[in-house]
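Scroll down for the structure; my scribbles are underneath it.
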Amino acid sequence: MGKQYQTEKTGQPMNDMDALIIGEHSFHSRLLVGSGKYRDLEQTRSAIIGSGAEIVTVAIRRTNIGQNSNEPNLLSVIPPGEFTILPNSAGCYLAEDAVRTLRLARELLEGRNLVKLEVLGDAKTLYPNMPETLKAAKILIKDGFEVMAYCSDDPIQARMLEDIGCVAVMPLASLIGSGMGILNPWNIGIIIEQSHVPVIIDAGVGTASDAAIAMELGCDAVLMNSAIAHASDPVRMARAMMNAVIAGRDAFLAGRMPRHHYHGDPSSPTSGLIELNEQ
Amino acid sequence: MGKQYQTEKTGQPMNDMDALIIGEHSFHSRLLVGSGKYRDLEQTRSAIIGSGAEIVTVAIRRTNIGQNSNEPNLLSVIPPGEFTILPNSAGCYLAEDAVRTLRLARELLEGRNLVKLEVLGDAKTLYPNMPETLKAAKILIKDGFEVMAYCSDDPIQARMLEDIGCVAVMPLASLIGSGMGILNPWNIGIIIEQSHVPVIIDAGVGTASDAAIAMELGCDAVLMNSAIAHASDPVRMARAMMNAVIAGRDAFLAGRMPRHHYHGDPSSPTSGLIELNEQ
Amino acid sequence: MGKQYQTEKTGQPMNDMDALIIGEHSFHSRLLVGSGKYRDLEQTRSAIIGSGAEIVTVAIRRTNIGQNSNEPNLLSVIPPGEFTILPNSAGCYLAEDAVRTLRLARELLEGRNLVKLEVLGDAKTLYPNMPETLKAAKILIKDGFEVMAYCSDDPIQARMLEDIGCVAVMPLASLIGSGMGILNPWNIGIIIEQSHVPVIIDAGVGTASDAAIAMELGCDAVLMNSAIAHASDPVRMARAMMNAVIAGRDAFLAGRMPRHHYHGDPSSPTSGLIELNEQ
Amino acid sequence: MGKQYQTEKTGQPMNDMDALIIGEHSFHSRLLVGSGKYRDLEQTRSAIIGSGAEIVTVAIRRTNIGQNSNEPNLLSVIPPGEFTILPNSAGCYLAEDAVRTLRLARELLEGRNLVKLEVLGDAKTLYPNMPETLKAAKILIKDGFEVMAYCSDDPIQARMLEDIGCVAVMPLASLIGSGMGILNPWNIGIIIEQSHVPVIIDAGVGTASDAAIAMELGCDAVLMNSAIAHASDPVRMARAMMNAVIAGRDAFLAGRMPRHHYHGDPSSPTSGLIELNEQ
Amino acid sequence: MNNIRVNGESCKVPGGWRVSDLLLDLGHIGGRIAVERNGEIVPRSDYEQVSLQANDNIEIVSAIGGG
Amino acid sequence: MNNIRVNGESCKVPGGWRVSDLLLDLGHIGGRIAVERNGEIVPRSDYEQVSLQANDNIEIVSAIGGG
Amino acid sequence: MNNIRVNGESCKVPGGWRVSDLLLDLGHIGGRIAVERNGEIVPRSDYEQVSLQANDNIEIVSAIGGG
Amino acid sequence: MNNIRVNGESCKVPGGWRVSDLLLDLGHIGGRIAVERNGEIVPRSDYEQVSLQANDNIEIVSAIGGG
């Protein structure tokens, strides 16, 4: 969705001009974060606050029978009143299971329809199962969900997801939890160019520059979890990611200088030098 | 100089812990910017202010005879009282000429000794001439200068510059004005590992992620000009670079997650799923 | 299918040990070539001969009504008795059309069942339409075809193609005709690791090293057309590709040295030097 | 030296047209190999024979006092009558030591003047010490040597070596023994473009595609040792390298197709399709 | 008593229990949970109406950290 | 005469023509071609048996260069 | 009058002129400049003492935008 | 006897020995070697003429595998 943004010089504050629009929702932050893999709920909250994210993904799992209900609950540290909670269907390998999981999520979140659909292909790579993803997306959209779909970087199937009615397509940069960054920026570029819904990089970001690169390509946002939670200092990395996404977005909007492959171009004038020796 | 920084959790504000020390000088910002190639002095100032840079490079050139002395002067928009002005010897191809140019600069700046030595190899590539750079560095240091030296990414000659007494080594990421980013991060990594003075990427940064990558490698700072001045919107790109350097520095200090080349690692738990269909 | 090859030192000639097996067929050459885009049929034949390829792809198109039937025909310069002709379904965007096209091809080639299935997603990118490819593969295999399937580099759908019964999976390196080489070697690596049928890079190879890289990754073969036909000297490039595939295959079987990221490792002994000056 | 080669269609056998000329010498093979790091002299000879190389580097070291002079000697398996023996100054860190070593080599090889100058910067990286290399080259050339100089990928100092009179410049691809391939193809490209003597990649090649890439860039030849000797099967890797260099050279001369970054370009005609369904 | 399955484990509950009785027993009252009975969502508002039948398959889920 | 379509173009052929008559007329005898009639392959061995009917949709294809 | 070179251009200045006279004439008084005479820096504090001699080579520089 | 150094090790050789005597003693006759005496090459043709002096520093080298 990169192309339609035009940088215009106006007196308006930037944030008003540059909101991230997903379905009916509008956000200031273009960084979405997961809530998994932290040391404890305190660190979870500190990192999420530090990231400046407004949208936070959660997983849906069975309550432990016999669990002490007084135990601190995830949603008490990232309350739905403060954040947009985005339930995912992580762990599901079939459309049907993803649909059931997300229906439970909607019930849990009092009818909120915005969900992250994720149907996996195998437990080893966690690569998306695209046929099941397409099938689940159709069912969920018919059932009133606003579906943000984790997907491969296949431009054709990304367009199918958009045509079905997904409110965002979320291609992987690289495997979930791999931290390898964007392996195929060309495919991501094609998806950005063709899409009319937000394109959000989901999975594979490893460090701040990966997030900046995603935004510079023209992605509308970036979703990450491990890159923050598995950093040595998650709270500092959360802040790094916030700034990297802002930097990458600004660089995209500012329009980078062209690359010159071979010849240096002096930053200082070539005339007006003092009388130099012959060279 | 990357290795000696240790992230420690203290109650101290970060900036106090993480100053950039060059010779006797201490800086908060790790972004150094040039002052060339802008549309006009107003844009020059706006972009430099927007970048948050404290150190600004300038070139030394003959005054135009007959020039109207009432014309606005560069140093009136980036006054030495507000910024650390770093004169360069850009345009010089011989040690002797660089030395003369920087002596003039010191006189111009009322005895300030901090200079950027730059001796070029040819006008086509602007690649540094290392033998002349080493020769000039020796003369200047003997003459009391604090020399920050633009250099190739050759670790051996970078060490020679340090051994001579340069206060910073400034390897190119890629050719001046090329915007190609860091072409050989391995050489930069070796220089960072071995150096006891700041390592500052000088030349070749093209966009925000390039700056973030430099900082994540462990560089102490980044110097750029064209990447800001030749962006479509220089003021916004200046802000992007400020945030990218902060993000890259934080990511370096936070300690990125390890890369996992092949196998996905789920961000959501793999147990506690609802009763799923067989797969 | 890379893993199961074990290099063993035997007295056997290599070609006997290292045949490419596709379905029931066995080949010496691991380079497959297309027959399109050449200047004329003479160049087509010269380049194909020069490449050493045994398998040559052809497209199926309407005869021109009124065409002079005495005109030289493609199959007269690459006769089915001399080459394995592999008809493709290039240009088809739906499973049904691909199936019809390949049934015509089988009739044309007197019942030969080996076909290259190619169902495209759009005319702009020529990226495969994977849902239609999967659908067509099922129909064709049920109808007795041996299907080699052009596909994306999605490991999950590559496995679906294998599970359906395809005799080879043929992921793109990059877009057809782009010459960009392998954009995502990690995905190709996963496909190689998991597959029990040959993995053949199809589309995107641009020059000889691209083909060598594919073979070094462990691909079983490489299919290309534009890289040869659009070279300035197609016949020489055909020979380059032949040697590159052989070189890459040998390098894969020989087992490359490990990469050492930082520290040099001398090729000459470090002791026994003459009495050197102190350093 | 890449530019001056023009591919012309002539009736001449290729090898006559495409000799590698170093100083007064002419070679058919563009692969130079080292003789170090093999299991034994038998493997040394088998791999060198397998590589097709005509030029073989050797190191100069003290004879072991008390050594059994009946022990097989390196030069008995790679006799100077069969190969061009290229002695190196590996292990030297100062110009003076390199000069002494190569004078001994000349005496040892009965006056042959062709030598590989190698002056190292430190034992950890084995990166060249360029100032000492330049100094040694001047002395050796004055003393009648034909100097092939191992050097960094600094185009300015490469030109200095040529200006001094070196018969070949030999920039590293990456650190000696690292197997990392060409880390900065842009610098190598500049050196090729400017040089009037052969440019030979020396050090850093890890596998066959690295050698092909070097030749495709326009290098005149490639020198390697570890990539062959440290492969699991050195003799097979030697053959891989021979073919990779031939393939890369042919691809360079054949003129590769242009890269098309985004849009697919069909290899099969887009018209003449059978009546397809609407898409 | 009826045999039912709750989150994959078999258990016995008194005849006539509603979903709300089960949740109360498990300590889930007031928590952020959702309930599925035999593959269908049980809306929060129906907890007190829906009876548990023999062989019911009940899933009770909550939100936990995930990416 | 019957109206048929051959490779997307309308044409008229005499009543009673077989596929072989059409191919002969088009000069395709002996060539490496394949024929589809109304979406179904006409095997080479049936060219002389299969009659062309009004509104038949005939595709005649050959192999050309492709990748 | 003395012939001197200023920033690479020949010009004539009256005998007895000091550097300060030249700078005044060129309108550089008070500006941020530096002066070199025959390859040696002329410190700001010496402008009024240093006389211009025939064939002097004067460079007058200022800071401009550069990277 | 004279004290000399050969390849970095001290040893004694009889007075009057030539380089050729040393090489014969070390078993290097006929081998592909080169000799340096006090930093200067001793050409093969001079082995029988050049006498070893006290404190001579002799290097004897051969070619070995290297890259």
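Ligands are numbered from 1 in the order shown, residues from 1 within each chain, and chains are lettered A, B, ... in the order they appear in the structure tokens.
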
### Task
May I have the residues within 12 Å of B:Ile213 as a PyMOL selection string, using only C-alpha atoms and disregarding those fewer than 2 positions away in the same chain?
(chain A and resi 206-213+244) or (chain B and resi 173+181-185+188-189+201+205-211+215-222+241+244-252)

Dump of C-alpha atoms for the selected residues, as a PDB file, in the first residue's frame:
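And here's result.pdb as it stands now:
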```pdb
ATOM      1  CA  GLY A 206      15.613 -10.004  14.320  1.00  0.00           C
ATOM      2  CA  THR A 207      16.953  -6.562  15.054  1.00  0.00           C
ATOM      3  CA  ALA A 208      16.163  -2.891  14.617  1.00  0.00           C
ATOM      4  CA  SER A 209      17.546  -2.513  11.105  1.00  0.00           C
ATOM      5  CA  ASP A 210      15.304  -5.350   9.906  1.00  0.00           C
ATOM      6  CA  ALA A 211      12.291  -3.350  11.018  1.00  0.00           C
ATOM      7  CA  ALA A 212      13.644  -0.192   9.389  1.00  0.00           C
ATOM      8  CA  ILE A 213      14.223  -2.064   6.122  1.00  0.00           C
ATOM      9  CA  ALA A 244      13.515   1.850  14.052  1.00  0.00           C
TER      10      ALA A 244
ATOM     11  CA  ALA B 173      30.736   2.197   4.195  1.00  0.00           C
ATOM     12  CA  GLY B 181      25.348   1.266   2.559  1.00  0.00           C
ATOM     13  CA  ILE B 182      27.950  -0.931   4.238  1.00  0.00           C
ATOM     14  CA  LEU B 183      29.423  -3.094   1.503  1.00  0.00           C
ATOM     15  CA  ASN B 184      31.811  -5.065   3.699  1.00  0.00           C
ATOM     16  CA  PRO B 185      30.483  -5.392   7.237  1.00  0.00           C
ATOM     17  CA  ILE B 188      34.116  -2.930   9.638  1.00  0.00           C
ATOM     18  CA  GLY B 189      33.589  -5.601  12.291  1.00  0.00           C
ATOM     19  CA  ILE B 201      31.214   5.180   9.532  1.00  0.00           C
ATOM     20  CA  VAL B 205      25.094   5.610   4.034  1.00  0.00           C
ATOM     21  CA  GLY B 206      22.011   5.892   1.845  1.00  0.00           C
ATOM     22  CA  THR B 207      18.996   5.431   4.052  1.00  0.00           C
ATOM     23  CA  ALA B 208      17.974   4.993   7.665  1.00  0.00           C
ATOM     24  CA  SER B 209      18.499   1.243   7.847  1.00  0.00           C
ATOM     25  CA  ASP B 210      22.103   1.664   6.662  1.00  0.00           C
ATOM     26  CA  ALA B 211      22.749   3.859   9.690  1.00  0.00           C
ATOM     27  CA  MET B 215      25.355   1.064  14.831  1.00  0.00           C
ATOM     28  CA  GLU B 216      24.255  -2.554  15.314  1.00  0.00           C
ATOM     29  CA  LEU B 217      27.670  -3.713  14.124  1.00  0.00           C
ATOM     30  CA  GLY B 218      29.071  -1.729  17.028  1.00  0.00           C
ATOM     31  CA  CYS B 219      30.189   1.470  15.328  1.00  0.00           C
ATOM     32  CA  ASP B 220      30.430   4.387  17.719  1.00  0.00           C
ATOM     33  CA  ALA B 221      28.820   6.871  15.387  1.00  0.00           C
ATOM     34  CA  VAL B 222      27.851   7.571  11.783  1.00  0.00           C
ATOM     35  CA  MET B 241      18.561   9.275  10.587  1.00  0.00           C
ATOM     36  CA  ALA B 244      17.828   5.181  13.133  1.00  0.00           C
ATOM     37  CA  VAL B 245      21.100   5.869  14.906  1.00  0.00           C
ATOM     38  CA  ILE B 246      19.361   5.801  18.285  1.00  0.00           C
ATOM     39  CA  ALA B 247      17.573   2.589  17.319  1.00  0.00           C
ATOM     40  CA  GLY B 248      20.734   0.927  16.052  1.00  0.00           C
ATOM     41  CA  ARG B 249      22.678   1.934  19.142  1.00  0.00           C
ATOM     42  CA  ASP B 250      19.935   0.619  21.432  1.00  0.00           C
ATOM     43  CA  ALA B 251      19.736  -2.611  19.464  1.00  0.00           C
ATOM     44  CA  PHE B 252      23.502  -3.049  19.782  1.00  0.00           C
TER      45      PHE B 252
END
```

### Task
Restrict the distance test to only C-alpha atoms, flag each residue of chain B within 8 Å of chain G, and return the flagged residues as an MDAnalysis selection string.
chainID B and resid 33:37 57:63 65:66 68:69 73:75 87:88 90 100 103:105 107:109 224:226

Residue contacts of D:Ala123 (12 Å, only C-alpha atoms) excluding same-chain residues fewer than 3 positions away, as a compact mmCIF listing (two decimals) with N, CA, C and O atoms, in the first residue's frame:
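As a result, out-v2.txt now contains:
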```txt
# COMPACT_ATOMS: atom_id res chain seq x y z
N ILE B 156 44.24 -3.07 8.83
CA ILE B 156 45.64 -2.85 9.17
C ILE B 156 45.97 -1.36 9.14
O ILE B 156 46.60 -0.84 10.07
N HIS C 263 38.55 -14.79 11.13
CA HIS C 263 39.99 -14.91 11.27
C HIS C 263 40.60 -15.62 10.08
O HIS C 263 40.15 -16.68 9.66
N GLY C 264 41.63 -15.02 9.55
CA GLY C 264 42.35 -15.63 8.45
C GLY C 264 43.02 -16.92 8.88
O GLY C 264 43.36 -17.10 10.04
N ASP C 265 43.18 -17.81 7.93
CA ASP C 265 43.79 -19.11 8.21
C ASP C 265 44.84 -19.33 7.13
O ASP C 265 44.52 -19.48 5.97
N PRO C 266 46.11 -19.29 7.51
CA PRO C 266 47.16 -19.29 6.48
C PRO C 266 47.19 -20.57 5.67
O PRO C 266 47.04 -21.67 6.19
N PRO C 269 52.60 -22.65 5.83
CA PRO C 269 52.91 -22.93 7.24
C PRO C 269 53.38 -21.66 7.96
O PRO C 269 53.97 -20.77 7.35
N THR C 270 53.11 -21.58 9.25
CA THR C 270 53.52 -20.40 10.01
C THR C 270 54.86 -20.60 10.70
O THR C 270 55.39 -19.69 11.31
N GLN C 279 58.63 -7.86 14.63
CA GLN C 279 57.50 -7.05 14.20
C GLN C 279 56.73 -6.53 15.41
O GLN C 279 56.60 -7.17 16.41
N ALA D 90 54.59 -15.72 1.83
CA ALA D 90 53.63 -15.91 2.92
C ALA D 90 54.37 -16.00 4.25
O ALA D 90 55.44 -16.62 4.34
N GLY D 91 53.80 -15.39 5.27
CA GLY D 91 54.40 -15.45 6.59
C GLY D 91 55.27 -14.24 6.89
O GLY D 91 55.68 -14.05 8.04
N CYS D 92 55.53 -13.40 5.89
CA CYS D 92 56.35 -12.20 6.11
C CYS D 92 55.47 -11.01 6.45
O CYS D 92 54.42 -10.81 5.85
N TYR D 93 55.95 -10.20 7.42
CA TYR D 93 55.19 -9.03 7.87
C TYR D 93 55.90 -7.73 7.54
O TYR D 93 55.39 -6.66 7.83
N VAL D 119 52.73 -9.59 1.84
CA VAL D 119 53.22 -9.07 3.12
C VAL D 119 52.00 -8.87 4.01
O VAL D 119 51.08 -8.11 3.67
N LEU D 120 52.01 -9.55 5.13
CA LEU D 120 50.80 -9.61 5.95
C LEU D 120 50.78 -8.52 7.01
O LEU D 120 51.82 -8.03 7.45
N LEU D 126 45.56 -12.02 8.70
CA LEU D 126 46.36 -12.24 7.49
C LEU D 126 46.01 -11.23 6.40
O LEU D 126 46.30 -11.44 5.22
N TYR D 127 45.38 -10.13 6.80
CA TYR D 127 45.07 -9.07 5.85
C TYR D 127 46.40 -8.47 5.39
O TYR D 127 47.34 -8.37 6.16
N PRO D 128 46.50 -8.06 4.12
CA PRO D 128 47.78 -7.53 3.65
C PRO D 128 48.18 -6.22 4.33
O PRO D 128 47.32 -5.42 4.69
N ASN D 129 49.45 -6.04 4.52
CA ASN D 129 50.00 -4.76 4.96
C ASN D 129 50.37 -4.00 3.70
O ASN D 129 51.39 -4.26 3.07
N LEU D 175 39.15 -12.80 3.76
CA LEU D 175 40.37 -13.18 4.45
C LEU D 175 40.89 -14.54 3.98
O LEU D 175 40.12 -15.45 3.67
N ILE D 176 42.21 -14.67 3.95
CA ILE D 176 42.87 -15.93 3.60
C ILE D 176 42.28 -17.07 4.45
O ILE D 176 42.19 -16.96 5.67
```

### Message
For the structure I just gave you, how does DSSP split stretch 26-218 of chain A - specifically, which residues are strand (DSSP E or B)? Reply as a count of residues only.
### Response
39

Give the helix (DSSP H, G or I) residues of chain E, as assigned by DSSP on the backbone, as a PDB file with N, CA, C and O atoms, in the first residue's frame.
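Writing done, so here's result_33.pdb:
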```
ATOM      1  N   VAL E  19     -23.335 -24.708  32.829  1.00  0.00           N
ATOM      2  CA  VAL E  19     -21.951 -24.268  32.569  1.00  0.00           C
ATOM      3  C   VAL E  19     -21.460 -23.408  33.732  1.00  0.00           C
ATOM      4  O   VAL E  19     -20.320 -23.518  34.194  1.00  0.00           O
ATOM      5  N   SER E  20     -22.356 -22.538  34.245  1.00  0.00           N
ATOM      6  CA  SER E  20     -21.951 -21.636  35.336  1.00  0.00           C
ATOM      7  C   SER E  20     -21.528 -22.425  36.579  1.00  0.00           C
ATOM      8  O   SER E  20     -20.612 -22.007  37.286  1.00  0.00           O
ATOM      9  N   ASP E  21     -22.157 -23.562  36.816  1.00  0.00           N
ATOM     10  CA  ASP E  21     -21.770 -24.382  37.975  1.00  0.00           C
ATOM     11  C   ASP E  21     -20.343 -24.912  37.805  1.00  0.00           C
ATOM     12  O   ASP E  21     -19.538 -24.911  38.741  1.00  0.00           O
ATOM     13  N   LEU E  22     -20.066 -25.350  36.578  1.00  0.00           N
ATOM     14  CA  LEU E  22     -18.720 -25.864  36.308  1.00  0.00           C
ATOM     15  C   LEU E  22     -17.668 -24.780  36.483  1.00  0.00           C
ATOM     16  O   LEU E  22     -16.630 -24.976  37.115  1.00  0.00           O
ATOM     17  N   LEU E  23     -17.950 -23.615  35.944  1.00  0.00           N
ATOM     18  CA  LEU E  23     -16.983 -22.516  36.024  1.00  0.00           C
ATOM     19  C   LEU E  23     -16.758 -22.099  37.469  1.00  0.00           C
ATOM     20  O   LEU E  23     -15.632 -21.833  37.890  1.00  0.00           O
ATOM     21  N   LEU E  24     -17.856 -22.060  38.233  1.00  0.00           N
ATOM     22  CA  LEU E  24     -17.751 -21.713  39.662  1.00  0.00           C
ATOM     23  C   LEU E  24     -16.868 -22.732  40.362  1.00  0.00           C
ATOM     24  O   LEU E  24     -15.945 -22.390  41.107  1.00  0.00           O
ATOM     25  N   ASP E  25     -17.117 -23.998  40.052  1.00  0.00           N
ATOM     26  CA  ASP E  25     -16.339 -25.072  40.658  1.00  0.00           C
ATOM     27  C   ASP E  25     -14.860 -24.977  40.320  1.00  0.00           C
ATOM     28  O   ASP E  25     -13.995 -25.263  41.128  1.00  0.00           O
ATOM     29  N   LEU E  26     -14.572 -24.559  39.084  1.00  0.00           N
ATOM     30  CA  LEU E  26     -13.181 -24.488  38.629  1.00  0.00           C
ATOM     31  C   LEU E  26     -12.513 -23.168  39.030  1.00  0.00           C
ATOM     32  O   LEU E  26     -11.326 -22.968  38.770  1.00  0.00           O
ATOM     33  N   ARG E  44     -21.284 -15.923  27.043  1.00  0.00           N
ATOM     34  CA  ARG E  44     -21.221 -15.583  28.456  1.00  0.00           C
ATOM     35  C   ARG E  44     -22.639 -15.473  29.064  1.00  0.00           C
ATOM     36  O   ARG E  44     -22.895 -15.941  30.173  1.00  0.00           O
ATOM     37  N   SER E  45     -23.523 -14.876  28.297  1.00  0.00           N
ATOM     38  CA  SER E  45     -24.875 -14.631  28.805  1.00  0.00           C
ATOM     39  C   SER E  45     -25.671 -15.920  28.980  1.00  0.00           C
ATOM     40  O   SER E  45     -26.711 -15.937  29.639  1.00  0.00           O
ATOM     41  N   ASP E  46     -25.188 -17.020  28.390  1.00  0.00           N
ATOM     42  CA  ASP E  46     -25.929 -18.289  28.465  1.00  0.00           C
ATOM     43  C   ASP E  46     -25.383 -19.256  29.512  1.00  0.00           C
ATOM     44  O   ASP E  46     -25.905 -20.370  29.650  1.00  0.00           O
TER      45      ASP E  46
END
```

### Message
Just to confirm, what's the straight-line distance from atom CA of B:Leu172 to atom CA of B:Met257 in Å (one decimal)?
### Response
27.4 Å

### Task
Name all residues at most 10 Å from E:Lys12 (count only C-alpha atoms; drop same-chain ones fewer than 2 positions away) and give them as a PyMOL selection string.
chain E and resi 1-6+10+14-15+54-55

Keeping N, CA, C and O atoms, export the residues of the selection given above as an mmCIF file, in the first residue's frame.
```
data_model
loop_
_atom_site.group_PDB
_atom_site.id
_atom_site.type_symbol
_atom_site.label_atom_id
_atom_site.label_comp_id
_atom_site.auth_asym_id
_atom_site.auth_seq_id
_atom_site.Cartn_x
_atom_site.Cartn_y
_atom_site.Cartn_z
ATOM 1 N N MET E 1 -24.662 -38.383 38.203
ATOM 2 C CA MET E 1 -23.413 -37.782 37.711
ATOM 3 C C MET E 1 -23.289 -38.028 36.204
ATOM 4 O O MET E 1 -23.587 -39.094 35.693
ATOM 5 N N ASN E 2 -22.770 -37.017 35.506
ATOM 6 C CA ASN E 2 -22.506 -37.173 34.071
ATOM 7 C C ASN E 2 -21.005 -37.175 33.811
ATOM 8 O O ASN E 2 -20.266 -36.397 34.387
ATOM 9 N N ASN E 3 -20.583 -38.067 32.893
ATOM 10 C CA ASN E 3 -19.207 -38.022 32.423
ATOM 11 C C ASN E 3 -19.084 -36.965 31.344
ATOM 12 O O ASN E 3 -19.799 -37.014 30.339
ATOM 13 N N ILE E 4 -18.207 -36.020 31.559
ATOM 14 C CA ILE E 4 -17.927 -35.043 30.502
ATOM 15 C C ILE E 4 -16.415 -34.931 30.347
ATOM 16 O O ILE E 4 -15.653 -35.468 31.146
ATOM 17 N N ARG E 5 -16.008 -34.217 29.271
ATOM 18 C CA ARG E 5 -14.589 -33.903 29.087
ATOM 19 C C ARG E 5 -14.423 -32.394 29.205
ATOM 20 O O ARG E 5 -15.162 -31.629 28.610
ATOM 21 N N VAL E 6 -13.469 -32.004 30.035
ATOM 22 C CA VAL E 6 -13.168 -30.574 30.173
ATOM 23 C C VAL E 6 -11.688 -30.383 29.802
ATOM 24 O O VAL E 6 -10.818 -30.994 30.426
ATOM 25 N N SER E 10 -11.181 -36.209 31.305
ATOM 26 C CA SER E 10 -12.498 -36.728 31.699
ATOM 27 C C SER E 10 -12.815 -36.339 33.132
ATOM 28 O O SER E 10 -11.939 -36.308 33.992
ATOM 29 N N PRO E 14 -22.238 -33.425 38.573
ATOM 30 C CA PRO E 14 -23.593 -33.779 38.975
ATOM 31 C C PRO E 14 -24.583 -33.505 37.856
ATOM 32 O O PRO E 14 -24.424 -32.512 37.116
ATOM 33 N N GLY E 15 -25.571 -34.347 37.729
ATOM 34 C CA GLY E 15 -26.649 -34.105 36.788
ATOM 35 C C GLY E 15 -27.285 -32.751 37.064
ATOM 36 O O GLY E 15 -27.388 -32.316 38.214
ATOM 37 N N ALA E 54 -24.396 -35.565 29.444
ATOM 38 C CA ALA E 54 -23.398 -36.643 29.411
ATOM 39 C C ALA E 54 -22.628 -36.591 28.102
ATOM 40 O O ALA E 54 -23.204 -36.320 27.047
ATOM 41 N N ASN E 55 -21.320 -36.826 28.207
ATOM 42 C CA ASN E 55 -20.415 -36.855 27.054
ATOM 43 C C ASN E 55 -20.164 -35.492 26.428
ATOM 44 O O ASN E 55 -19.583 -35.408 25.348
#
```

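For the atom pair formed by atom CA of A:Arg256 and atom CA of B:Leu31, the distance is 17.4 Å, given to one decimal.
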
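Interatomic distance, atom CA of C:Ser178 to atom CA of C:Gln157: 22.8 Å.
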
### Query
Skipping near chain neighbours, those fewer than 6 positions away, what residues fall within 10 Å of C:His261 using only C-alpha atoms, listed as a VMD selection string?
(chain B and resid 186) or (chain D and resid 174 to 175 177 to 180)

Let's have the selection written as a compact mmCIF listing (two decimals), in the first residue's frame, with N, CA, C and O atoms.
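That gives us again-v8.txt:
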```txt
# COMPACT_ATOMS: atom_id res chain seq x y z
N TRP B 186 32.16 -7.17 7.34
CA TRP B 186 33.16 -7.98 8.03
C TRP B 186 34.40 -7.15 8.33
O TRP B 186 34.95 -7.23 9.44
N SER D 174 38.15 -12.27 0.33
CA SER D 174 37.91 -12.16 1.77
C SER D 174 39.16 -12.73 2.44
O SER D 174 40.11 -13.10 1.75
N LEU D 175 39.15 -12.80 3.76
CA LEU D 175 40.37 -13.18 4.45
C LEU D 175 40.89 -14.54 3.98
O LEU D 175 40.12 -15.45 3.67
N GLY D 177 41.87 -18.10 3.80
CA GLY D 177 41.38 -19.27 4.52
C GLY D 177 39.98 -19.14 5.07
O GLY D 177 39.49 -20.03 5.75
N SER D 178 39.30 -18.01 4.77
CA SER D 178 37.96 -17.81 5.36
C SER D 178 36.86 -18.47 4.55
O SER D 178 35.80 -18.78 5.08
N GLY D 179 37.05 -18.62 3.25
CA GLY D 179 36.00 -19.22 2.42
C GLY D 179 34.73 -18.41 2.33
O GLY D 179 33.66 -18.95 2.07
N MET D 180 34.84 -17.10 2.53
CA MET D 180 33.65 -16.24 2.55
C MET D 180 33.26 -15.70 1.18
O MET D 180 32.25 -15.01 1.05
```

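Proximity to chain A was assessed for B:Ser46, B:Ser89, B:Ser29, B:Ser76 counting only C-alpha atoms; the smallest distance is recorded for B:Ser89.
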
### Task
Find the residues around C:Val169 up to 12 Å (only C-alpha atoms counted), leave out those fewer than 5 positions away in its own chain, and share them as a PyMOL selection string.
chain C and resi 1+22-23+115-118+133-134+137+146-164+188+191-192+194-202+219-223
